[in-house]
>>> print(open('work-v9.tsv').read())   # TSV, C-alpha atoms and all ligand atoms
chain	number	residue	atom	x	y	z
A	12	MET	CA	114.14	117.99	115.29
A	13	THR	CA	115.55	120.98	113.38
A	14	ILE	CA	116.14	120.78	109.63
A	15	SER	CA	119.93	120.93	110.01
A	16	SER	CA	120.02	118.19	112.66
A	17	ARG	CA	117.85	116.03	110.36
A	18	GLU	CA	120.28	116.66	107.50
A	19	ASP	CA	123.25	115.68	109.70
A	20	LEU	CA	121.41	112.55	110.78
A	21	LEU	CA	120.68	111.53	107.18
A	22	ARG	CA	124.32	111.93	106.15
A	23	SER	CA	126.11	109.67	108.64
A	24	GLU	CA	125.78	105.92	109.18
A	25	ASP	CA	127.17	106.37	112.75
A	26	ALA	CA	124.67	109.09	113.65
A	27	ALA	CA	121.82	107.03	112.17
A	28	LEU	CA	122.87	103.93	114.13
A	29	ALA	CA	123.06	105.90	117.39
A	30	TYR	CA	119.60	107.41	116.75
A	31	VAL	CA	118.04	104.04	115.94
A	32	LEU	CA	119.66	102.34	118.96
A	33	ARG	CA	118.22	105.05	121.25
A	34	GLU	CA	114.77	104.34	119.83
A	35	CYS	CA	115.19	100.57	120.20
A	36	TRP	CA	116.56	100.67	123.73
A	37	PRO	CA	115.27	103.80	125.50
A	38	GLY	CA	117.43	104.31	128.57
A	39	GLY	CA	120.14	102.08	127.12
A	40	GLY	CA	119.45	98.89	129.10
A	41	ARG	CA	119.05	95.72	127.01
A	42	PHE	CA	116.57	92.94	127.78
A	43	CYS	CA	115.48	89.72	126.16
A	44	PRO	CA	112.84	90.47	123.47
A	45	ARG	CA	111.24	87.09	124.15
A	46	CYS	CA	110.84	87.03	127.93
A	47	GLY	CA	111.93	90.47	129.16
A	48	GLU	CA	114.89	89.14	131.21
A	49	SER	CA	117.70	91.68	131.67
A	50	ARG	CA	120.44	89.18	132.69
A	51	LEU	CA	122.21	88.58	129.38
A	52	TYR	CA	125.46	87.02	128.19
A	53	ASP	CA	127.45	88.90	125.56
A	54	LEU	CA	128.33	86.79	122.53
A	55	ALA	CA	130.54	87.52	119.55
A	56	GLY	CA	129.26	89.73	116.74
A	57	GLY	CA	127.17	92.03	118.95
A	58	ARG	CA	124.75	89.25	119.88
A	59	SER	CA	123.38	88.52	123.34
A	60	ARG	CA	121.94	85.41	124.95
A	61	CYS	CA	119.18	85.49	127.52
A	62	ALA	CA	120.21	83.95	130.87
A	63	ARG	CA	116.65	82.73	131.46
A	64	CYS	CA	115.21	81.46	128.14
A	65	LYS	CA	118.52	81.13	126.20
A	66	TYR	CA	117.17	83.14	123.26
A	67	THR	CA	120.03	84.58	121.19
A	68	PHE	CA	119.40	87.98	119.64
A	69	GLN	CA	121.01	91.13	118.31
A	70	ASP	CA	120.00	94.76	118.77
A	71	PHE	CA	117.31	94.72	116.06
A	72	SER	CA	115.97	91.17	116.44
A	73	GLY	CA	112.19	91.02	116.22
A	74	ARG	CA	111.81	94.68	115.21
A	75	TRP	CA	110.31	96.10	112.01
A	76	ILE	CA	113.69	97.51	110.91
A	77	ASN	CA	115.10	93.98	110.99
A	78	ASN	CA	113.16	93.27	107.76
A	79	GLY	CA	114.83	93.76	104.39
A	80	GLY	CA	118.52	93.82	105.36
A	81	LEU	CA	118.73	97.64	105.18
A	82	SER	CA	121.14	99.75	107.23
A	83	PRO	CA	119.90	102.20	109.88
A	84	LEU	CA	120.87	105.11	107.60
A	85	THR	CA	118.86	103.65	104.71
A	86	TRP	CA	115.85	103.19	106.99
A	87	LEU	CA	116.05	106.79	108.19
A	88	ARG	CA	116.36	108.07	104.62
A	89	LEU	CA	113.36	105.98	103.56
A	90	ALA	CA	111.32	107.21	106.54
A	91	ASP	CA	112.26	110.80	105.68
A	92	LEU	CA	111.22	110.27	102.05
A	93	PHE	CA	108.00	108.50	103.07
A	94	SER	CA	107.05	111.47	105.24
A	95	ARG	CA	107.00	113.59	102.06
A	96	GLU	CA	104.72	111.17	100.15
A	97	PRO	CA	106.70	110.48	96.98
A	98	THR	CA	105.89	107.50	94.76
A	99	VAL	CA	107.74	104.25	95.43
A	100	HIS	CA	109.62	104.80	92.16
A	101	GLN	CA	110.81	108.27	93.27
A	102	MET	CA	111.81	106.86	96.67
A	103	ALA	CA	113.82	104.07	95.02
A	104	VAL	CA	115.71	106.55	92.83
A	105	GLU	CA	116.45	108.91	95.74
A	106	ALA	CA	117.48	106.12	98.11
A	107	GLY	CA	119.52	104.28	95.47
A	108	LEU	CA	117.60	101.04	96.02
A	109	SER	CA	115.78	98.67	93.68
A	110	TYR	CA	112.06	99.20	93.23
A	111	ASN	CA	111.34	95.85	94.90
A	112	ALA	CA	113.49	96.58	97.97
A	113	THR	CA	111.84	100.00	98.30
A	114	TYR	CA	108.34	98.57	97.89
A	115	LYS	CA	109.08	96.00	100.59
A	116	ALA	CA	110.37	98.73	102.93
A	117	VAL	CA	107.25	100.84	102.29
A	118	THR	CA	105.06	97.80	103.03
A	119	THR	CA	107.03	97.34	106.27
A	120	MET	CA	106.38	101.00	107.20
A	121	ARG	CA	102.65	100.56	106.50
A	122	PHE	CA	102.55	97.41	108.63
A	123	ALA	CA	104.38	99.22	111.44
A	124	ILE	CA	101.85	102.07	111.30
A	125	LEU	CA	98.91	99.63	111.32
A	126	ALA	CA	100.44	97.67	114.22
A	127	HIS	CA	100.44	100.88	116.31
A	128	ALA	CA	96.79	101.71	115.66
A	129	THR	CA	94.51	101.42	118.69
A	130	ASP	CA	92.62	98.63	116.91
A	131	ALA	CA	95.76	96.78	115.76
A	132	VAL	CA	94.78	93.47	117.35
A	133	GLN	CA	91.53	93.42	115.33
A	134	LEU	CA	93.27	94.60	112.14
A	135	LEU	CA	95.86	91.82	112.37
A	136	GLY	CA	93.18	89.25	113.10
A	137	PRO	CA	91.40	86.82	110.78
A	138	GLU	CA	89.04	89.43	109.27
A	139	THR	CA	91.89	90.99	107.23
A	140	GLY	CA	94.32	88.05	107.15
A	141	LEU	CA	97.24	90.49	107.52
A	142	GLY	CA	98.51	88.89	110.72
A	143	SER	CA	99.26	85.68	108.82
A	144	PHE	CA	102.18	87.53	107.17
A	145	LEU	CA	103.87	88.07	110.53
A	146	ARG	CA	105.75	84.94	111.55
A	147	ASN	CA	108.33	84.82	114.34
A	148	ARG	CA	108.23	88.61	114.45
A	149	LYS	CA	109.17	88.96	110.80
A	150	LEU	CA	107.22	90.19	107.82
A	151	THR	CA	106.98	87.17	105.55
A	152	GLY	CA	105.51	86.85	102.09
A	153	ASP	CA	103.47	89.28	100.06
A	154	PRO	CA	100.05	90.29	101.43
A	155	ASP	CA	98.60	89.72	97.95
A	156	SER	CA	99.56	86.07	97.89
A	157	GLY	CA	96.99	83.49	98.91
A	158	GLY	CA	93.30	83.59	98.22
A	159	ARG	CA	90.99	86.25	99.52
A	160	GLY	CA	88.38	85.64	102.15
A	161	THR	CA	85.57	88.09	102.63
A	162	VAL	CA	86.24	91.73	101.72
A	163	PRO	CA	86.33	93.71	104.97
A	164	VAL	CA	84.37	96.97	105.25
A	165	PHE	CA	85.65	100.03	107.10
A	166	GLY	CA	83.74	102.84	108.78
A	167	ILE	CA	85.08	106.39	108.64
A	168	LEU	CA	84.34	108.66	111.57
A	169	GLU	CA	85.73	112.13	112.12
A	170	ARG	CA	85.07	113.94	115.38
A	171	ASN	CA	86.74	117.12	116.64
A	172	GLY	CA	89.42	116.87	113.97
A	173	TRP	CA	90.39	113.31	114.88
A	174	LEU	CA	89.83	110.59	112.39
A	175	PHE	CA	88.96	106.99	113.20
A	176	ILE	CA	88.83	104.26	110.60
A	177	ASP	CA	87.24	101.15	112.09
A	178	LEU	CA	87.02	97.66	110.73
A	179	VAL	CA	83.24	97.12	110.89
A	180	SER	CA	82.98	93.68	112.41
A	181	GLY	CA	80.59	91.26	110.76
A	182	MET	CA	80.09	93.41	107.68
A	183	SER	CA	81.33	92.38	104.24
A	184	ALA	CA	81.20	93.86	100.76
A	185	GLU	CA	78.17	91.67	100.12
A	186	THR	CA	76.35	93.31	103.07
A	187	VAL	CA	76.94	96.75	101.53
A	188	PHE	CA	75.55	95.52	98.19
A	189	HIS	CA	72.52	94.19	100.04
A	190	PHE	CA	71.96	97.49	101.92
A	191	ASN	CA	72.34	99.35	98.64
A	192	HIS	CA	69.78	97.18	96.92
A	193	SER	CA	67.24	96.63	99.68
A	194	PHE	CA	67.60	99.72	101.90
A	195	HIS	CA	68.73	102.34	99.36
A	196	LEU	CA	72.11	102.97	100.98
A	197	LYS	CA	73.78	105.31	98.46
A	198	VAL	CA	77.01	103.96	97.05
A	199	GLU	CA	79.74	105.49	94.89
A	200	ARG	CA	82.36	103.59	92.93
A	201	ALA	CA	85.77	104.43	91.44
A	202	GLY	CA	87.33	101.26	90.07
A	203	ASN	CA	87.39	98.73	92.89
A	204	LEU	CA	87.01	101.45	95.53
A	205	ILE	CA	83.50	101.72	96.96
A	206	TRP	CA	82.22	104.25	99.47
A	207	THR	CA	78.77	104.95	100.83
A	208	ASP	CA	76.59	107.64	102.28
A	209	ARG	CA	76.31	107.94	106.08
A	210	TYR	CA	75.69	104.67	107.84
A	211	ARG	CA	74.75	104.57	111.52
A	212	HIS	CA	77.35	106.70	113.36
A	213	TYR	CA	79.84	106.54	110.48
A	214	ASP	CA	80.37	109.38	108.03
A	215	ALA	CA	80.85	106.70	105.36
A	216	LEU	CA	81.63	103.05	104.81
A	217	VAL	CA	84.47	102.19	102.46
A	218	PHE	CA	85.99	99.05	101.03
A	219	CYS	CA	88.20	97.89	98.21
A	220	GLY	CA	86.67	95.08	96.19
A	221	ASP	CA	88.03	92.84	93.49
A	222	ASP	CA	86.77	91.66	90.13
A	223	SER	CA	84.56	88.97	91.69
A	224	LEU	CA	82.00	91.48	93.04
A	225	PRO	CA	78.70	92.08	91.19
A	226	TYR	CA	79.19	95.82	90.58
A	227	GLU	CA	76.54	95.77	87.85
A	228	TYR	CA	73.86	95.28	90.53
A	229	LEU	CA	74.65	98.55	92.29
A	230	ARG	CA	71.64	100.87	92.26
A	231	ARG	CA	72.22	104.11	90.46
A	232	HIS	CA	71.13	107.42	91.93
A	233	ASP	CA	70.85	110.97	90.68
A	234	ARG	CA	73.56	112.74	92.62
A	235	PRO	CA	77.06	111.52	93.54
A	236	VAL	CA	77.62	110.64	97.17
A	237	ALA	CA	79.60	113.37	98.89
A	238	VAL	CA	81.19	112.01	102.05
A	239	GLU	CA	80.76	114.61	104.77
A	240	CYS	CA	83.72	114.25	107.08
A	241	GLY	CA	84.13	117.13	109.56
A	242	THR	CA	87.23	118.94	108.34
A	243	GLY	CA	87.58	117.12	105.08
A	244	PHE	CA	89.26	113.75	105.52
A	245	TRP	CA	87.54	112.39	102.44
A	246	ALA	CA	89.00	115.10	100.20
A	247	PHE	CA	92.40	114.26	101.73
A	248	ALA	CA	91.93	110.52	101.27
A	249	GLU	CA	90.17	110.30	97.92
A	250	LYS	CA	92.93	111.90	95.86
A	251	ARG	CA	95.57	109.78	97.62
A	252	LEU	CA	93.64	106.54	97.23
A	253	LYS	CA	93.38	107.22	93.50
A	254	LEU	CA	97.17	107.67	93.30
A	255	PHE	CA	98.06	104.47	95.14
A	256	LYS	CA	99.05	101.83	92.66
A	257	GLY	CA	97.99	98.25	93.06
A	258	ILE	CA	95.43	98.53	95.86
A	259	THR	CA	93.97	95.11	96.55
A	260	PRO	CA	91.40	94.04	99.17
A	261	ARG	CA	94.23	92.48	101.19
A	262	ARG	CA	96.45	95.58	101.13
A	263	PHE	CA	93.63	98.08	101.56
A	264	PRO	CA	93.74	98.21	105.43
A	265	LEU	CA	97.44	99.12	105.21
A	266	TYR	CA	96.66	102.13	102.99
A	267	LEU	CA	93.69	103.19	105.10
A	268	LYS	CA	95.67	103.12	108.33
A	269	GLU	CA	98.49	105.05	106.65
A	270	LEU	CA	95.95	107.74	105.68
A	271	GLU	CA	94.46	107.78	109.19
A	272	PHE	CA	97.99	108.23	110.62
A	273	ARG	CA	98.92	110.96	108.13
A	274	TYR	CA	95.62	112.78	108.62
A	275	ASN	CA	95.76	112.73	112.42
A	276	MET	CA	99.38	113.95	112.26
A	277	ARG	CA	98.73	116.49	109.51
A	278	HIS	CA	100.05	119.36	111.66
A	279	SER	CA	103.20	117.53	112.84
A	280	ASP	CA	106.31	115.86	111.47
A	281	ILE	CA	105.66	112.14	111.10
A	282	PHE	CA	109.37	111.23	110.78
A	283	PRO	CA	110.25	110.77	114.50
A	284	VAL	CA	107.01	108.88	115.17
A	285	LEU	CA	107.46	106.63	112.16
A	286	VAL	CA	111.06	105.82	113.18
A	287	ARG	CA	109.89	105.02	116.71
A	288	TYR	CA	107.28	102.63	115.25
A	289	LEU	CA	109.88	100.98	112.98
A	290	CYS	CA	112.21	100.44	115.94
A	291	ASP	CA	109.46	98.73	117.90
A	292	PHE	CA	108.85	94.98	118.03
A	293	VAL	CA	106.77	93.20	115.42
A	294	PRO	CA	103.75	91.73	117.24
A	295	ASP	CA	104.13	88.05	117.96
A	296	MET	CA	101.27	86.23	116.26
A	297	ASN	CA	100.09	82.96	117.78
A	298	PRO	CA	98.91	80.15	115.50
A	299	GLU	CA	95.28	81.25	115.85
A	300	GLY	CA	96.23	84.56	114.22
A	301	ALA	CA	95.80	86.69	117.32
A	302	ALA	CA	98.45	89.23	118.26
A	303	GLU	CA	100.32	88.33	121.44
A	304	THR	CA	101.05	91.08	123.88
A	305	ALA	CA	104.71	90.15	124.44
A	306	ALA	CA	105.91	93.21	122.55
A	307	GLY	CA	103.69	95.30	124.79
A	308	ALA	CA	105.22	93.61	127.83
A	309	ALA	CA	108.69	94.37	126.47
A	310	ARG	CA	107.69	98.00	125.95
A	311	GLY	CA	106.41	98.10	129.52
A	312	HIS	CA	109.75	96.75	130.64
A	313	ALA	CA	111.57	99.47	128.73
A	314	ALA	CA	109.30	102.18	130.15
A	315	GLY	CA	109.85	100.83	133.67
A	316	SER	CA	113.64	100.77	133.30
A	317	ARG	CA	113.59	104.39	132.10
A	318	GLY	CA	112.38	105.75	135.44
B	1	ZN	ZN	114.56	85.40	127.45
>>> encode(input="work-v9.tsv", output="structure tokens")
Amino acid sequence: MTISSREDLLRSEDAALAYVLRECWPGGGRFCPRCGESRLYDLAGGRSRCARCKYTFQDFSGRWINNGGLSPLTWLRLADLFSREPTVHQMAVEAGLSYNATYKAVTTMRFAILAHATDAVQLLGPETGLGSFLRNRKLTGDPDSGGRGTVPVFGILERNGWLFIDLVSGMSAETVFHFNHSFHLKVERAGNLIWTDRYRHYDALVFCGDDSLPYEYLRRHDRPVAVECGTGFWAFAEKRLKLFKGITPRRFPLYLKELEFRYNMRHSDIFPVLVRYLCDFVPDMNPEGAAETAAGAARGHAAGSRG
């Protein structure tokens, strides 16, 4: 997208709506977001009803951009601002929104990015608890509400310029404390942010703790731990992590996956990709907290109808 076409897009509600509709319905054909059926009845107010399962929906039902009651133009402006990494306060001023509405939209963008990671099913599972905030394909509640479970630990791995941040299954903050104490795994701390020296095939382990952790038991060592990530992800991440306000153990995976996304797209414009993610369906979470693949089936439907 050229700069002038982006400027035109961000000036007109009609142009923004057309752009967003193309992203939601590639090829133009509508289908039921719940069962994939393409026989639909048109209802008043731009709604449709599925001929098979009777689900009634509108163009943005079940999609990330359906959260927050913002117009397509506002979403595109927020996505454009987000791509330039301002603070939430700066975004709110530029978009003419309240701080709370902007913060909620930014959280939605971070969820949409995380939901498109290759390990999204694991990240939305019980180890992070994030999936419990997705109900009926809507983002509900604040990820900081509710008690915390274990603090998940992430492994950072950079190979050939690509960065992978994995949730290290079965490992908790307590395990890292244990490895530090008993096996001399070097650990560095900045506030609640903890990172380690190399561990197995990872360049580093990282987690965000809370005030309940026994930081005073961390072993001290002579030299600070310098995370050696191929082309310098840690330098990229560390200064950003220190700027993020209000990182909590629950929100931490959202920030990490945002950084993974930004780093892997550091030579490209994230705006069109971010808008595509926002126009996609919110994963349908079943009561056990696992992500259903219905949205994937719907995407497959859309891809099939394109050809
Ligand atoms: Zn249906």
>>> atom_distance(input="work-v9.tsv", atom1="CA of Lys65 (chain A)", atom2="CA of Arg148 (chain A)")
17.3 Å
>>> atom_distance(input="work-v9.tsv", atom1="CA of Val286 (chain A)", atom2="CA of Ala90 (chain A)")
6.8 Å
>>> closest_residue(input="work-v9.tsv", among="A:Ala103, A:Leu54, A:Cys43, A:Ala27", to="ligand ZN 1 (chain B)", atoms="all atoms listed in the file")
A:Cys43
>>> residues_near_ligand(input="work-v9.tsv", ligand="ligand ZN 1 (chain B)", cutoff="9 Å", atoms="only C-alpha atoms and all ligand atoms", output="PyMOL selection string")
chain A and resi 42-51+60-67
>>> atom_distance(input="work-v9.tsv", atom1="CA of Arg251 (chain A)", atom2="CA of Leu150 (chain A)")
25.0 Å
>>> closest_residue(input="work-v9.tsv", among="A:Ser180, A:Asn78, A:Asn171, A:Thr13", to="Cys290 (chain A)", atoms="all atoms listed in the file")
A:Asn78
>>> residues_around(input="work-v9.tsv", residues="Ala215 (chain A)", least_positions_apart="2", cutoff="8 Å", atoms="only C-alpha atoms", output="PyMOL selection string")
chain A and resi 166-168+206-210+213+217+238-239
>>> residues_around(input="work-v9.tsv", residues="Lys149 (chain A)", least_positions_apart="5", cutoff="12 Å", atoms="only C-alpha atoms", output="list in words")
Phe71, Ser72, Gly73, Arg74, Trp75, Ile76, Asn77, Asn78, Gly79, Gly80, Thr119, Phe122, Ala123, Gly142, Ser143, Phe144, Phe292, Val293, Pro294, Asp295 and Met296 of chain A
>>> write_last_selection(input="work-v9.tsv", atoms="C-alpha atoms", output="short mmCIF file (atom, residue, chain, number, x, y, z; two decimals), in the coordinates of the input")
data_model
loop_
_atom_site.label_atom_id
_atom_site.label_comp_id
_atom_site.auth_asym_id
_atom_site.auth_seq_id
_atom_site.Cartn_x
_atom_site.Cartn_y
_atom_site.Cartn_z
CA PHE A 71 117.31 94.72 116.06
CA SER A 72 115.97 91.17 116.44
CA GLY A 73 112.19 91.02 116.22
CA ARG A 74 111.81 94.68 115.21
CA TRP A 75 110.31 96.10 112.01
CA ILE A 76 113.69 97.51 110.91
CA ASN A 77 115.10 93.98 110.99
CA ASN A 78 113.16 93.27 107.76
CA GLY A 79 114.83 93.76 104.39
CA GLY A 80 118.52 93.82 105.36
CA THR A 119 107.03 97.34 106.27
CA PHE A 122 102.55 97.41 108.63
CA ALA A 123 104.38 99.22 111.44
CA GLY A 142 98.51 88.89 110.72
CA SER A 143 99.26 85.68 108.82
CA PHE A 144 102.18 87.53 107.17
CA PHE A 292 108.85 94.98 118.03
CA VAL A 293 106.77 93.20 115.42
CA PRO A 294 103.75 91.73 117.24
CA ASP A 295 104.13 88.05 117.96
CA MET A 296 101.27 86.23 116.26
#
>>> closest_residue(input="work-v9.tsv", among="A:Tyr266, A:Phe282, A:Trp173, A:Phe194", to="Thr118 (chain A)", atoms="all atoms listed in the file")
A:Tyr266
>>> closest_residue(input="work-v9.tsv", among="A:Val132, A:Leu81, A:Gly181, A:Trp245", to="Thr113 (chain A)", atoms="all atoms listed in the file")
A:Leu81
>>> closest_residue(input="work-v9.tsv", among="A:Ala126, A:Thr85, A:Arg261, A:Val99", to="Glu138 (chain A)", atoms="all atoms listed in the file")
A:Arg261
>>> closest_residue(input="work-v9.tsv", among="A:Glu227, A:Glu105, A:Asp221, A:Asp70", to="Ile258 (chain A)", atoms="all atoms listed in the file")
A:Asp221
>>> residues_near_point(input="work-v9.tsv", point="(75.9, 95.1, 99.8)", cutoff="10 Å", atoms="only C-alpha atoms", output="PDB file with C-alpha atoms, keeping the file's coordinate frame")
ATOM      1  CA  MET A 182      80.090  93.410 107.680  1.00  0.00           C
ATOM      2  CA  SER A 183      81.330  92.380 104.240  1.00  0.00           C
ATOM      3  CA  ALA A 184      81.200  93.860 100.760  1.00  0.00           C
ATOM      4  CA  GLU A 185      78.170  91.670 100.120  1.00  0.00           C
ATOM      5  CA  THR A 186      76.350  93.310 103.070  1.00  0.00           C
ATOM      6  CA  VAL A 187      76.940  96.750 101.530  1.00  0.00           C
ATOM      7  CA  PHE A 188      75.550  95.520  98.190  1.00  0.00           C
ATOM      8  CA  HIS A 189      72.520  94.190 100.040  1.00  0.00           C
ATOM      9  CA  PHE A 190      71.960  97.490 101.920  1.00  0.00           C
ATOM     10  CA  ASN A 191      72.340  99.350  98.640  1.00  0.00           C
ATOM     11  CA  HIS A 192      69.780  97.180  96.920  1.00  0.00           C
ATOM     12  CA  SER A 193      67.240  96.630  99.680  1.00  0.00           C
ATOM     13  CA  PHE A 194      67.600  99.720 101.900  1.00  0.00           C
ATOM     14  CA  LEU A 196      72.110 102.970 100.980  1.00  0.00           C
ATOM     15  CA  VAL A 198      77.010 103.960  97.050  1.00  0.00           C
ATOM     16  CA  LEU A 224      82.000  91.480  93.040  1.00  0.00           C
ATOM     17  CA  PRO A 225      78.700  92.080  91.190  1.00  0.00           C
ATOM     18  CA  TYR A 226      79.190  95.820  90.580  1.00  0.00           C
ATOM     19  CA  TYR A 228      73.860  95.280  90.530  1.00  0.00           C
ATOM     20  CA  LEU A 229      74.650  98.550  92.290  1.00  0.00           C
TER      21      LEU A 229
END
>>> decode(input="work-v9.tsv", residues="region 64-72 of chain A", atoms="all heavy atoms", output="compact mmCIF listing (two decimals), in the first residue's frame")
# COMPACT_ATOMS: atom_id res chain seq x y z
N CYS A 64 -28.38 -23.58 10.31
CA CYS A 64 -28.37 -23.60 11.78
C CYS A 64 -29.16 -22.45 12.39
O CYS A 64 -29.24 -22.35 13.62
CB CYS A 64 -26.95 -23.62 12.31
SG CYS A 64 -26.09 -22.05 12.24
N LYS A 65 -29.72 -21.57 11.53
CA LYS A 65 -30.58 -20.45 11.98
C LYS A 65 -29.83 -19.35 12.73
O LYS A 65 -30.44 -18.46 13.31
CB LYS A 65 -31.76 -20.93 12.87
CG LYS A 65 -32.52 -22.13 12.34
CD LYS A 65 -33.18 -21.82 11.02
CE LYS A 65 -33.99 -23.02 10.52
NZ LYS A 65 -33.96 -23.14 9.06
N TYR A 66 -28.51 -19.42 12.75
CA TYR A 66 -27.74 -18.38 13.43
C TYR A 66 -27.94 -17.05 12.69
O TYR A 66 -27.90 -16.99 11.46
CB TYR A 66 -26.26 -18.77 13.43
CG TYR A 66 -25.32 -17.76 14.04
CD1 TYR A 66 -25.51 -17.31 15.34
CD2 TYR A 66 -24.23 -17.27 13.32
CE1 TYR A 66 -24.64 -16.39 15.90
CE2 TYR A 66 -23.35 -16.36 13.88
CZ TYR A 66 -23.56 -15.92 15.18
OH TYR A 66 -22.69 -15.01 15.73
N THR A 67 -28.20 -15.99 13.46
CA THR A 67 -28.38 -14.65 12.88
C THR A 67 -27.11 -13.85 13.14
O THR A 67 -26.61 -13.82 14.26
CB THR A 67 -29.58 -13.94 13.54
OG1 THR A 67 -30.74 -14.73 13.29
CG2 THR A 67 -29.78 -12.56 12.95
N PHE A 68 -26.59 -13.23 12.10
CA PHE A 68 -25.31 -12.53 12.25
C PHE A 68 -25.26 -11.31 11.33
O PHE A 68 -26.10 -11.15 10.44
CB PHE A 68 -24.15 -13.48 11.95
CG PHE A 68 -24.15 -14.05 10.54
CD1 PHE A 68 -23.40 -13.46 9.53
CD2 PHE A 68 -24.90 -15.18 10.23
CE1 PHE A 68 -23.39 -13.97 8.24
CE2 PHE A 68 -24.90 -15.70 8.94
CZ PHE A 68 -24.14 -15.09 7.94
N GLN A 69 -24.28 -10.46 11.60
CA GLN A 69 -24.01 -9.34 10.70
C GLN A 69 -22.57 -9.49 10.20
O GLN A 69 -21.88 -10.43 10.57
CB GLN A 69 -24.30 -7.99 11.38
CG GLN A 69 -23.82 -7.84 12.81
CD GLN A 69 -22.41 -7.31 12.94
OE1 GLN A 69 -21.74 -7.08 11.96
NE2 GLN A 69 -21.96 -7.16 14.18
N ASP A 70 -22.14 -8.54 9.36
CA ASP A 70 -20.86 -8.72 8.67
C ASP A 70 -19.66 -8.94 9.60
O ASP A 70 -18.70 -9.60 9.22
CB ASP A 70 -20.58 -7.52 7.76
CG ASP A 70 -21.35 -7.61 6.46
OD1 ASP A 70 -21.66 -8.74 6.03
OD2 ASP A 70 -21.65 -6.55 5.87
N PHE A 71 -19.72 -8.35 10.82
CA PHE A 71 -18.55 -8.45 11.70
C PHE A 71 -18.75 -9.39 12.89
O PHE A 71 -17.89 -9.47 13.76
CB PHE A 71 -18.15 -7.05 12.20
CG PHE A 71 -17.91 -6.06 11.09
CD1 PHE A 71 -18.36 -4.75 11.18
CD2 PHE A 71 -17.23 -6.43 9.93
CE1 PHE A 71 -18.15 -3.84 10.15
CE2 PHE A 71 -17.01 -5.54 8.89
CZ PHE A 71 -17.47 -4.24 9.01
N SER A 72 -19.88 -10.09 12.91
CA SER A 72 -20.15 -10.99 14.04
C SER A 72 -19.01 -11.98 14.24
O SER A 72 -18.54 -12.60 13.28
CB SER A 72 -21.43 -11.79 13.80
OG SER A 72 -22.54 -10.94 13.83
